[in-house]
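Chemist: Input structure: coords_14.cif, which contains mmCIF, C-alpha atoms.
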```
data_data
loop_
_atom_site.label_atom_id
_atom_site.label_comp_id
_atom_site.auth_asym_id
_atom_site.auth_seq_id
_atom_site.Cartn_x
_atom_site.Cartn_y
_atom_site.Cartn_z
CA MET A 1 -20.93 3.91 -44.20
CA SER A 2 -22.86 6.34 -42.13
CA SER A 3 -26.58 6.90 -42.20
CA GLY A 4 -27.01 9.11 -45.24
CA ALA A 5 -26.52 7.25 -48.52
CA GLU A 6 -25.38 10.36 -50.29
CA ILE A 7 -22.31 11.32 -48.31
CA THR A 8 -18.89 10.94 -49.87
CA SER A 9 -16.00 9.01 -48.37
CA GLN A 10 -14.29 12.27 -47.61
CA GLU A 11 -17.27 13.48 -45.60
CA TYR A 12 -17.56 10.11 -43.93
CA ILE A 13 -13.94 10.15 -42.77
CA LYS A 14 -14.12 13.75 -41.68
CA HIS A 15 -17.28 13.04 -39.74
CA HIS A 16 -15.65 10.11 -37.95
CA LEU A 17 -12.60 12.15 -37.08
CA THR A 18 -14.60 14.94 -35.47
CA ASN A 19 -14.82 15.00 -31.73
CA LEU A 20 -18.03 15.49 -29.83
CA SER A 21 -17.23 18.93 -28.43
CA ALA A 22 -18.83 21.42 -26.15
CA ASP A 23 -17.94 24.77 -24.71
CA SER A 24 -19.70 27.20 -22.42
CA GLN A 25 -22.35 27.82 -25.07
CA GLY A 26 -23.31 24.19 -25.37
CA LEU A 27 -22.61 21.41 -27.88
CA CYS A 28 -20.69 22.30 -30.98
CA SER A 29 -21.27 21.28 -34.56
CA ALA A 30 -19.26 22.04 -37.67
CA ASN A 31 -21.95 23.89 -39.60
CA SER A 32 -23.95 25.58 -36.87
CA LEU A 33 -23.61 28.81 -35.01
CA ASN A 34 -21.23 27.38 -32.45
CA PRO A 35 -18.21 25.94 -34.28
CA CYS A 36 -16.07 25.75 -31.13
CA ASP A 37 -12.59 26.64 -32.22
CA GLY A 38 -11.61 28.43 -29.05
CA PHE A 39 -9.39 27.10 -26.29
CA TRP A 40 -12.25 26.61 -23.84
CA THR A 41 -13.67 23.69 -25.71
CA LEU A 42 -13.98 20.22 -24.24
CA HIS A 43 -13.90 17.02 -26.24
CA LEU A 44 -16.62 15.16 -24.43
CA ASP A 45 -15.97 11.85 -26.16
CA THR A 46 -12.23 11.86 -25.43
CA LEU A 47 -12.83 12.82 -21.83
CA GLY A 48 -15.70 10.39 -21.38
CA TRP A 49 -14.01 7.38 -22.90
CA SER A 50 -10.64 8.00 -21.28
CA VAL A 51 -12.15 8.48 -17.83
CA PHE A 52 -14.37 5.45 -18.36
CA LEU A 53 -11.38 3.30 -19.38
CA GLY A 54 -9.32 4.73 -16.53
CA LEU A 55 -12.08 3.75 -14.15
CA VAL A 56 -12.17 0.27 -15.68
CA PHE A 57 -8.43 -0.01 -14.99
CA ILE A 58 -8.71 1.37 -11.48
CA THR A 59 -11.71 -0.70 -10.39
CA LEU A 60 -10.32 -3.89 -11.90
CA PHE A 61 -6.92 -3.50 -10.27
CA ARG A 62 -8.38 -2.17 -7.05
CA SER A 63 -10.69 -5.17 -6.72
CA VAL A 64 -7.65 -7.43 -6.99
CA ALA A 65 -5.58 -5.27 -4.66
CA LYS A 66 -8.27 -5.48 -1.99
CA LYS A 67 -8.34 -9.25 -2.10
CA ALA A 68 -4.62 -9.70 -2.76
CA SER A 69 -3.35 -12.58 -0.69
CA THR A 70 -0.15 -14.54 -0.54
CA GLY A 71 -2.09 -17.77 -0.98
CA VAL A 72 -2.95 -19.45 -4.24
CA PRO A 73 -4.09 -16.63 -6.55
CA GLY A 74 -7.26 -16.81 -8.61
CA ARG A 75 -7.31 -16.27 -12.36
CA LEU A 76 -8.04 -12.56 -12.24
CA GLN A 77 -5.39 -12.04 -9.58
CA CYS A 78 -2.89 -13.99 -11.69
CA ALA A 79 -3.63 -11.87 -14.75
CA VAL A 80 -3.35 -8.61 -12.82
CA GLU A 81 -0.20 -9.77 -11.07
CA MET A 82 1.32 -10.68 -14.41
CA VAL A 83 0.79 -7.11 -15.63
CA VAL A 84 2.09 -5.67 -12.37
CA GLU A 85 5.17 -7.88 -12.42
CA PHE A 86 5.80 -7.06 -16.07
CA VAL A 87 5.72 -3.34 -15.27
CA ASP A 88 7.78 -3.88 -12.13
CA ASP A 89 10.44 -5.76 -14.10
CA SER A 90 10.50 -3.04 -16.76
CA VAL A 91 10.96 -0.39 -14.08
CA LYS A 92 13.64 -2.34 -12.25
CA SER A 93 15.61 -3.04 -15.42
CA THR A 94 15.83 0.67 -16.24
CA PHE A 95 15.50 2.61 -13.02
CA HIS A 96 17.78 1.66 -10.16
CA GLY A 97 16.97 4.25 -7.54
CA LYS A 98 14.19 4.28 -5.00
CA ASN A 99 11.09 6.12 -6.03
CA PRO A 100 7.54 5.31 -4.96
CA VAL A 101 5.99 7.15 -7.92
CA ILE A 102 7.63 5.65 -11.00
CA ALA A 103 6.28 2.11 -10.83
CA PRO A 104 2.61 3.03 -10.20
CA LEU A 105 2.97 5.78 -12.81
CA ALA A 106 4.31 3.28 -15.33
CA LEU A 107 1.50 0.84 -14.51
CA THR A 108 -1.15 3.51 -14.91
CA ILE A 109 0.31 4.68 -18.22
CA PHE A 110 0.72 1.18 -19.59
CA VAL A 111 -2.73 -0.16 -18.75
CA TRP A 112 -4.60 3.06 -19.42
CA VAL A 113 -2.95 3.67 -22.78
CA LEU A 114 -3.38 0.01 -23.66
CA LEU A 115 -7.11 0.17 -22.93
CA MET A 116 -7.52 3.43 -24.83
CA ASN A 117 -5.57 2.08 -27.81
CA ALA A 118 -7.63 -1.10 -27.66
CA MET A 119 -10.71 0.93 -28.55
CA ASP A 120 -9.18 0.90 -32.02
CA TRP A 121 -10.29 -2.72 -32.37
CA VAL A 122 -13.94 -1.80 -32.00
CA PRO A 123 -15.38 -1.54 -35.50
CA VAL A 124 -15.24 2.10 -36.54
CA ASP A 125 -18.97 2.49 -37.04
CA LEU A 126 -20.25 0.55 -34.05
CA ILE A 127 -19.93 3.12 -31.30
CA PRO A 128 -20.87 6.18 -33.41
CA ARG A 129 -23.98 4.32 -34.66
CA ILE A 130 -25.10 3.44 -31.13
CA PHE A 131 -24.68 7.04 -30.04
CA GLU A 132 -26.46 8.25 -33.16
CA LEU A 133 -29.54 6.38 -31.96
CA PHE A 134 -29.52 8.64 -28.93
CA GLY A 135 -29.12 11.76 -31.05
CA VAL A 136 -25.39 12.20 -30.57
CA ASN A 137 -23.89 13.15 -33.91
CA TYR A 138 -20.17 12.84 -33.28
CA MET A 139 -18.33 10.16 -31.37
CA LYS A 140 -14.62 9.47 -31.60
CA ALA A 141 -14.12 6.49 -29.34
CA VAL A 142 -10.32 6.13 -29.35
CA PRO A 143 -9.02 8.75 -26.88
CA THR A 144 -5.38 8.32 -27.97
CA THR A 145 -6.25 9.59 -31.46
CA ASP A 146 -6.89 12.94 -29.79
CA PRO A 147 -3.68 14.96 -29.32
CA ASN A 148 -5.17 16.44 -26.17
CA MET A 149 -5.05 13.03 -24.57
CA THR A 150 -1.47 12.21 -25.56
CA PHE A 151 -0.21 15.68 -24.76
CA ALA A 152 -1.85 15.52 -21.34
CA LEU A 153 0.03 12.29 -20.60
CA ALA A 154 3.30 13.68 -21.94
CA LEU A 155 2.83 16.93 -20.03
CA GLY A 156 2.29 15.00 -16.80
CA VAL A 157 5.49 13.06 -17.44
CA PHE A 158 7.33 16.27 -18.37
CA VAL A 159 6.34 17.93 -15.11
CA LEU A 160 7.67 14.91 -13.24
CA ILE A 161 10.92 15.05 -15.25
CA LEU A 162 11.42 18.70 -14.26
CA TYR A 163 10.38 18.02 -10.66
CA TYR A 164 12.81 15.15 -10.16
CA SER A 165 15.63 16.86 -12.07
CA ILE A 166 15.42 19.80 -9.71
CA LYS A 167 14.77 17.67 -6.63
CA ILE A 168 17.74 15.36 -7.21
CA LYS A 169 20.27 17.80 -8.69
CA GLY A 170 19.06 21.09 -7.24
CA ILE A 171 18.26 24.07 -9.44
CA GLY A 172 21.96 24.86 -9.83
CA GLY A 173 22.79 21.30 -10.75
CA PHE A 174 19.97 21.16 -13.25
CA ILE A 175 21.07 24.40 -14.92
CA LYS A 176 24.64 23.20 -14.89
CA GLU A 177 23.57 20.02 -16.63
CA LEU A 178 21.75 22.07 -19.25
CA THR A 179 24.70 24.37 -19.96
CA THR A 180 28.01 22.60 -19.40
CA GLN A 181 27.62 19.79 -21.87
CA PRO A 182 28.31 18.55 -24.45
CA PHE A 183 30.95 21.33 -24.95
CA GLY A 184 33.18 22.09 -21.99
CA HIS A 185 34.27 25.62 -22.85
CA TRP A 186 32.39 28.50 -21.20
CA SER A 187 32.00 30.44 -24.42
CA LEU A 188 29.93 27.60 -25.83
CA TYR A 189 27.51 27.48 -22.89
CA PRO A 190 24.70 29.28 -24.77
CA ILE A 191 24.94 26.73 -27.57
CA ASN A 192 24.94 23.95 -25.02
CA PHE A 193 21.84 25.44 -23.46
CA ILE A 194 20.01 25.56 -26.76
CA LEU A 195 20.95 21.97 -27.57
CA GLU A 196 19.97 20.69 -24.14
CA MET A 197 16.68 22.57 -24.19
CA VAL A 198 15.85 20.98 -27.52
CA THR A 199 16.68 17.58 -26.05
CA LEU A 200 14.59 18.27 -22.98
CA LEU A 201 11.57 19.61 -24.84
CA ALA A 202 11.78 16.93 -27.50
CA ARG A 203 11.05 14.31 -24.86
CA PRO A 204 7.41 15.13 -24.06
CA LEU A 205 6.81 16.25 -27.63
CA SER A 206 8.05 12.98 -29.08
CA LEU A 207 6.14 10.99 -26.45
CA ALA A 208 2.87 12.70 -27.28
CA LEU A 209 3.31 12.84 -31.04
CA ARG A 210 4.47 9.25 -31.39
CA LEU A 211 1.41 7.85 -29.67
CA PHE A 212 -0.96 10.29 -31.33
CA GLY A 213 0.56 9.78 -34.77
CA ASN A 214 0.46 6.01 -34.61
CA MET A 215 -3.07 5.78 -33.30
CA TYR A 216 -4.43 8.54 -35.52
CA ALA A 217 -2.91 6.98 -38.63
CA GLY A 218 -4.21 3.57 -37.62
CA GLU A 219 -7.69 4.97 -37.10
CA LEU A 220 -7.55 6.84 -40.40
CA ILE A 221 -6.70 3.66 -42.25
CA PHE A 222 -9.51 1.80 -40.47
CA LEU A 223 -11.83 4.53 -41.78
CA LEU A 224 -10.37 4.32 -45.29
CA ILE A 225 -10.86 0.56 -45.24
CA ALA A 226 -14.47 1.10 -44.17
CA THR A 227 -15.11 3.04 -47.40
CA ILE A 228 -14.03 0.36 -49.88
CA GLY A 229 -17.19 -1.73 -49.81
CA VAL A 230 -17.43 -5.49 -49.44
CA PHE A 231 -13.69 -6.10 -49.55
CA GLN A 232 -13.32 -4.19 -46.32
CA LEU A 233 -13.98 -7.35 -44.31
CA PRO A 234 -10.73 -9.26 -44.98
CA VAL A 235 -8.72 -6.04 -45.19
CA HIS A 236 -10.20 -4.80 -41.94
CA PHE A 237 -9.37 -8.12 -40.35
CA LEU A 238 -5.75 -7.87 -41.52
CA TRP A 239 -5.39 -4.32 -40.29
CA ALA A 240 -6.95 -5.21 -36.92
CA ALA A 241 -4.59 -8.19 -36.65
CA PHE A 242 -1.70 -5.86 -37.37
CA HIS A 243 -2.93 -3.74 -34.47
CA LEU A 244 -2.37 -6.70 -32.19
CA LEU A 245 1.21 -5.56 -32.51
CA ILE A 246 0.74 -1.78 -32.66
CA ILE A 247 -1.60 -1.32 -29.72
CA PRO A 248 0.44 -3.01 -26.97
CA LEU A 249 3.69 -1.81 -28.54
CA GLN A 250 2.67 1.85 -28.39
CA ALA A 251 1.52 1.45 -24.79
CA PHE A 252 4.78 -0.28 -23.94
CA ILE A 253 6.92 2.35 -25.69
CA PHE A 254 5.14 5.15 -23.88
CA MET A 255 5.68 3.41 -20.55
CA MET A 256 9.33 2.49 -21.24
CA LEU A 257 10.24 6.01 -22.39
CA THR A 258 8.54 7.48 -19.34
CA ILE A 259 10.64 5.25 -17.09
CA LEU A 260 13.76 6.06 -19.09
CA TYR A 261 13.25 9.83 -18.97
CA LEU A 262 12.52 9.75 -15.27
CA SER A 263 15.56 7.62 -14.59
CA LEU A 264 17.66 10.11 -16.62
CA ALA A 265 16.21 12.86 -14.45
CA HIS A 266 17.50 10.98 -11.41
CA GLU A 267 21.02 10.66 -12.74
CA ASP A 268 23.39 13.09 -11.10
CA HIS A 269 26.53 13.85 -13.07
CA MET B 1 -4.04 19.53 -34.14
CA ASN B 2 -6.68 20.95 -31.96
CA LEU B 3 -5.36 21.53 -28.48
CA ASN B 4 -7.85 22.89 -25.99
CA MET B 5 -9.31 22.53 -22.50
CA THR B 6 -9.56 18.80 -22.99
CA LEU B 7 -5.82 18.65 -22.33
CA ILE B 8 -6.28 20.16 -18.87
CA GLY B 9 -9.14 17.80 -18.14
CA GLU B 10 -7.12 14.79 -19.21
CA LEU B 11 -4.15 16.00 -17.21
CA ILE B 12 -6.30 16.17 -14.10
CA ALA B 13 -7.72 12.71 -14.81
CA PHE B 14 -4.19 11.39 -15.34
CA ILE B 15 -2.95 12.83 -12.05
CA VAL B 16 -5.95 11.46 -10.17
CA PHE B 17 -5.51 8.00 -11.65
CA VAL B 18 -1.78 7.93 -10.92
CA ILE B 19 -2.28 9.05 -7.33
CA PHE B 20 -5.05 6.50 -6.79
CA CYS B 21 -2.88 3.78 -8.31
CA MET B 22 0.07 4.84 -6.16
CA LYS B 23 -1.96 4.80 -2.95
CA TYR B 24 -4.46 1.99 -3.31
CA VAL B 25 -3.48 -0.30 -6.17
CA TRP B 26 0.28 -0.70 -6.45
CA PRO B 27 1.33 -1.28 -2.81
CA PRO B 28 -1.10 -4.11 -1.93
CA ILE B 29 -0.50 -5.99 -5.18
CA ILE B 30 3.27 -5.72 -5.20
CA GLY B 31 3.24 -6.47 -1.45
CA ALA B 32 1.29 -9.65 -2.03
CA ILE B 33 3.59 -10.64 -4.88
CA GLU B 34 6.73 -10.08 -2.85
CA ALA B 35 5.30 -11.81 0.21
CA ARG B 36 4.38 -14.80 -1.94
CA GLN B 37 7.86 -14.84 -3.46
CA ALA B 38 9.34 -14.92 0.04
CA LEU B 39 6.92 -17.68 0.99
CA ILE B 40 7.86 -19.75 -2.05
CA ALA B 41 11.57 -19.21 -1.42
CA ASP B 42 11.08 -20.36 2.19
CA GLY B 43 9.11 -23.36 1.00
CA LEU B 44 11.82 -24.35 -1.45
CA ALA B 45 14.52 -23.98 1.18
CA ALA B 46 12.43 -26.04 3.61
CA SER B 47 11.93 -28.78 1.04
CA ASP B 48 15.67 -28.81 0.36
CA ARG B 49 16.32 -29.14 4.04
CA ALA B 50 13.71 -31.87 4.35
CA ALA B 51 15.33 -33.81 1.50
CA LYS B 52 18.69 -33.55 3.21
CA ASP B 53 17.13 -34.62 6.51
CA LEU B 54 15.52 -37.56 4.80
CA GLU B 55 18.84 -38.62 3.32
CA LEU B 56 20.49 -38.40 6.73
CA ALA B 57 17.67 -40.32 8.35
CA GLN B 58 17.92 -43.02 5.70
CA GLU B 59 21.64 -43.32 6.27
CA LYS B 60 21.05 -43.54 9.99
CA ALA B 61 18.37 -46.13 9.55
CA THR B 62 20.63 -48.23 7.34
CA ALA B 63 23.43 -48.04 9.88
CA GLN B 64 21.06 -48.97 12.68
CA LEU B 65 19.69 -51.87 10.69
CA LYS B 66 23.21 -53.14 10.04
CA GLU B 67 24.06 -52.86 13.71
CA ALA B 68 20.88 -54.62 14.70
CA LYS B 69 21.62 -57.43 12.28
CA ALA B 70 25.14 -57.81 13.67
CA GLN B 71 23.73 -57.81 17.18
CA ALA B 72 21.15 -60.40 16.29
CA ALA B 73 23.84 -62.59 14.74
CA SER B 74 26.05 -62.32 17.79
CA ILE B 75 23.10 -63.07 20.07
CA LEU B 76 22.23 -66.09 17.99
CA GLU B 77 25.81 -67.31 18.17
CA ALA B 78 25.93 -66.86 21.92
CA ALA B 79 22.65 -68.66 22.26
CA LYS B 80 23.95 -71.58 20.24
CA LYS B 81 27.07 -71.74 22.36
CA ARG B 82 24.97 -71.63 25.49
CA GLU B 83 22.74 -74.36 24.14
CA VAL B 84 25.66 -76.66 23.58
CA GLN B 85 26.98 -75.80 26.97
CA ILE B 86 23.63 -76.49 28.63
CA ILE B 87 23.30 -79.79 26.85
CA GLU B 88 26.78 -80.79 27.93
CA GLU B 89 26.12 -79.77 31.48
CA ALA B 90 22.85 -81.63 31.48
CA ALA B 91 24.52 -84.71 30.11
CA VAL B 92 27.18 -84.58 32.77
CA LYS B 93 24.57 -84.05 35.44
CA ALA B 94 22.39 -86.84 34.12
CA HIS B 95 25.35 -89.17 34.05
CA ALA B 96 26.21 -88.36 37.63
CA GLU B 97 22.59 -88.78 38.66
CA LYS B 98 22.43 -92.08 36.89
CA ASP B 99 25.58 -93.27 38.68
CA LYS B 100 24.18 -92.09 41.94
CA ILE B 101 20.84 -93.77 41.36
CA LEU B 102 22.60 -96.91 40.26
CA ALA B 103 24.85 -96.87 43.28
CA SER B 104 21.97 -96.30 45.65
CA GLY B 105 19.96 -99.03 43.92
CA HIS B 106 22.83 -101.44 44.26
CA ALA B 107 23.26 -100.53 47.88
CA GLU B 108 19.53 -100.98 48.53
CA ILE B 109 19.52 -104.28 46.78
CA ASP B 110 22.53 -105.37 48.80
CA THR B 111 20.97 -104.40 52.09
CA GLU B 112 17.67 -106.01 51.15
CA ARG B 113 19.45 -109.18 50.13
CA ASN B 114 21.44 -109.21 53.33
CA GLN B 115 18.27 -108.59 55.26
CA ALA B 116 16.50 -111.38 53.41
CA LYS B 117 19.44 -113.65 53.97
CA GLU B 118 19.38 -112.76 57.63
CA GLU B 119 15.68 -113.38 57.87
CA LEU B 120 16.00 -116.58 55.94
CA ARG B 121 18.74 -117.70 58.16
CA GLN B 122 16.67 -116.97 61.23
CA GLN B 123 13.64 -118.66 59.75
CA VAL B 124 15.77 -121.65 58.78
CA ALA B 125 17.02 -121.78 62.29
CA VAL B 126 13.50 -121.47 63.65
CA LEU B 127 12.31 -124.10 61.21
CA ALA B 128 15.18 -126.32 62.04
CA ILE B 129 14.39 -125.95 65.67
CA ALA B 130 10.68 -126.44 65.00
CA GLY B 131 11.48 -129.46 62.80
CA ALA B 132 13.74 -130.85 65.44
CA GLU B 133 11.08 -130.33 68.04
CA LYS B 134 8.53 -132.11 65.93
CA ILE B 135 10.98 -134.89 65.20
CA LEU B 136 11.71 -135.23 68.86
CA GLU B 137 8.01 -135.30 69.73
CA ARG B 138 7.16 -138.12 67.43
CA SER B 139 8.97 -141.36 66.61
CA ILE B 140 10.93 -140.96 63.60
CA ASP B 141 8.88 -142.25 60.75
CA ALA B 142 10.42 -141.98 57.35
CA ALA B 143 7.16 -141.50 55.71
CA VAL B 144 5.97 -139.18 58.42
CA HIS B 145 9.34 -137.52 58.50
CA SER B 146 9.50 -137.18 54.84
CA ASP B 147 6.43 -135.02 54.73
CA ILE B 148 7.89 -132.89 57.45
CA LEU B 149 11.06 -132.65 55.52
CA ASP B 150 9.17 -131.85 52.38
CA LYS B 151 7.39 -129.15 54.23
CA LEU B 152 10.68 -127.90 55.44
CA VAL B 153 12.07 -127.89 51.99
CA ALA B 154 9.02 -126.16 50.66
CA GLU B 155 9.33 -123.56 53.32
CA LEU B 156 12.89 -122.85 52.51
#
```
For this file, write the structure as structure tokens.
Modeler:
Amino acid sequence: MSSGAEITSQEYIKHHLTNLSADSQGLCSANSLNPCDGFWTLHLDTLGWSVFLGLVFITLFRSVAKKASTGVPGRLQCAVEMVVEFVDDSVKSTFHGKNPVIAPLALTIFVWVLLMNAMDWVPVDLIPRIFELFGVNYMKAVPTTDPNMTFALALGVFVLILYYSIKIKGIGGFIKELTTQPFGHWSLYPINFILEMVTLLARPLSLALRLFGNMYAGELIFLLIATIGVFQLPVHFLWAAFHLLIIPLQAFIFMMLTILYLSLAHEDH
Amino acid sequence: MNLNMTLIGELIAFIVFVIFCMKYVWPPIIGAIEARQALIADGLAASDRAAKDLELAQEKATAQLKEAKAQAASILEAAKKREVQIIEEAAVKAHAEKDKILASGHAEIDTERNQAKEELRQQVAVLAIAGAEKILERSIDAAVHSDILDKLVAEL
């Protein structure tokens, strides 16, 4: 439970699910003059943690890449190479063309999302408490529980889907793909277009919402468990153990679907 | 759901990370992995080849050993034959030598005997003459003569 002894579980959960935000007028807080509900608000915790974890990924992998040799690899190099080979195999099993972007993109998504999801394992009160000592009132440490994070990833992937669809098939080919199927008759082209647009737009939306929904729900249940008193310890352990499955699985699904969507964008009918 | 500027910020971070990964992380690592795979494949092929070479070499060695053994046996046989031959030859030679030596010995003995006989004969003649001279010088005395005769006999 958080500092004050008097707060209810509802307040506790709400507090833990509030981002540390700021806009042009400074830090925001729920009950003060600056509630920050406009578009020009930044979630400092989401940004900070995600960039920090991204830098962890980049520096770790870069340090191995710099020393990468064909000789006998060290332990760190082995571990990193295992991840790289795993991603490479996943890409090769789904995407058969030649594209210098997809594999590094998949690696970045997989490791970054994995690291961000892994913040879920940190006890829910640990990081907020530490920041409270420095006078920071809100701290949501799992970036993937913020829809901004997951939508940013999905939007990036969506832009690439559009880019490669148009690059490979041409604008005409892309429009043709959107209108001439599944029904072949010209009078049904508008219906085709609506159906295909739904399919196309559902891709980034489902990507973002799946990851967000899973991680947000997981986090919410961690918070609920934290309110039940002494019994939280075994229950928390069970839920964290269950996340051994959820956390890598969500990262893997996000990566696999990205590869799949991009490989569909490369397919010319 | 609270979408705001954070999305743009994260999008920028995402793009930067992907580009960095694409430029500086992915190529060296996958390059090293593929180079090592090629190296291992080469190594395996080389070891296969070496095993085959070894098998061939062993076969060759066995064949050579067999040949050498056969050669040694034939040399041994030839040597034995030669030995027998040499012994036979030596025996024949020795026999001939022996005959020759015997013959020459006999001949030498014969000549020496003849020579001795000749000398003896001459000496007997000389002695006979000398005896006769002595007999003629003195009166014939049996006792005196006998010692001369004895001397003669002893000298013979």
Chemist: Just to confirm, what's the straight-line distance from atom CA of A:Leu160 to atom CA of A:Leu107 in Å (one decimal)?
Modeler: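 So the answer is 15.4 Å.
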Chemist: For stretch 152-157 of chain A, work out the shell of residues within 8 Å, counting all atoms listed in the file and skipping chain neighbours fewer than 6 positions away, then give it as a PyMOL selection string.
Modeler: (chain A and resi 109+204-205+207-208+258) or (chain B and resi 7-8+10-11+14-15)
Chemist: Got a sec to pull out which chain B residues are within 6 Å of chain A, counting all atoms listed in the file, and send them as a list in words?
Modeler: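 The answer, sorted by residue number, is Leu3, Asn4, Met5, Thr6, Leu7, Glu10, Leu11, Val18, Cys21, Met22, Val25, Trp26, Pro28, Ile29, Ala32 and Arg36 of chain B.
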Chemist: Determine, counting all atoms listed in the file, which protein, DNA and RNA residues have an atom within 12 Å of an atom of A:Leu245; residues of the same chain fewer than 6 positions away are not included. Present the result as a list in words.
Modeler: Leu114, Asn117, Ala118, Trp121, Asn214, Gly218, Leu238, Trp239, Ala251, Phe252 and Ile253 of chain A
Chemist: Residue by residue, what does the PyMOL selection byres ((chain A and resi 123) around 10) grab here? Present the result as JSON, numbers by chain.
Modeler: {"A": [119, 120, 121, 122, 124, 125, 126, 127, 128, 222, 223, 226, 236, 240]}
Chemist: Do you have the atom CA of A:Ala79-atom CA of B:Ile30 distance handy?
Modeler: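 Result for atom CA of A:Ala79 versus atom CA of B:Ile30: 13.3 Å, one decimal.
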Chemist: Hey, what comes out of the PyMOL selection byres ((chain A and resi 166) around 12) on this file? Could you write it as number ranges by chain?
Modeler: A: 159-165, 167-178, 262, 265-268
Chemist: Skipping near chain neighbours, those fewer than 2 positions away, what residues fall within 12 Å of A:Ile194 using all atoms listed in the file, listed as a PyMOL selection string?
Modeler: chain A and resi 175+178-183+188-192+196-202
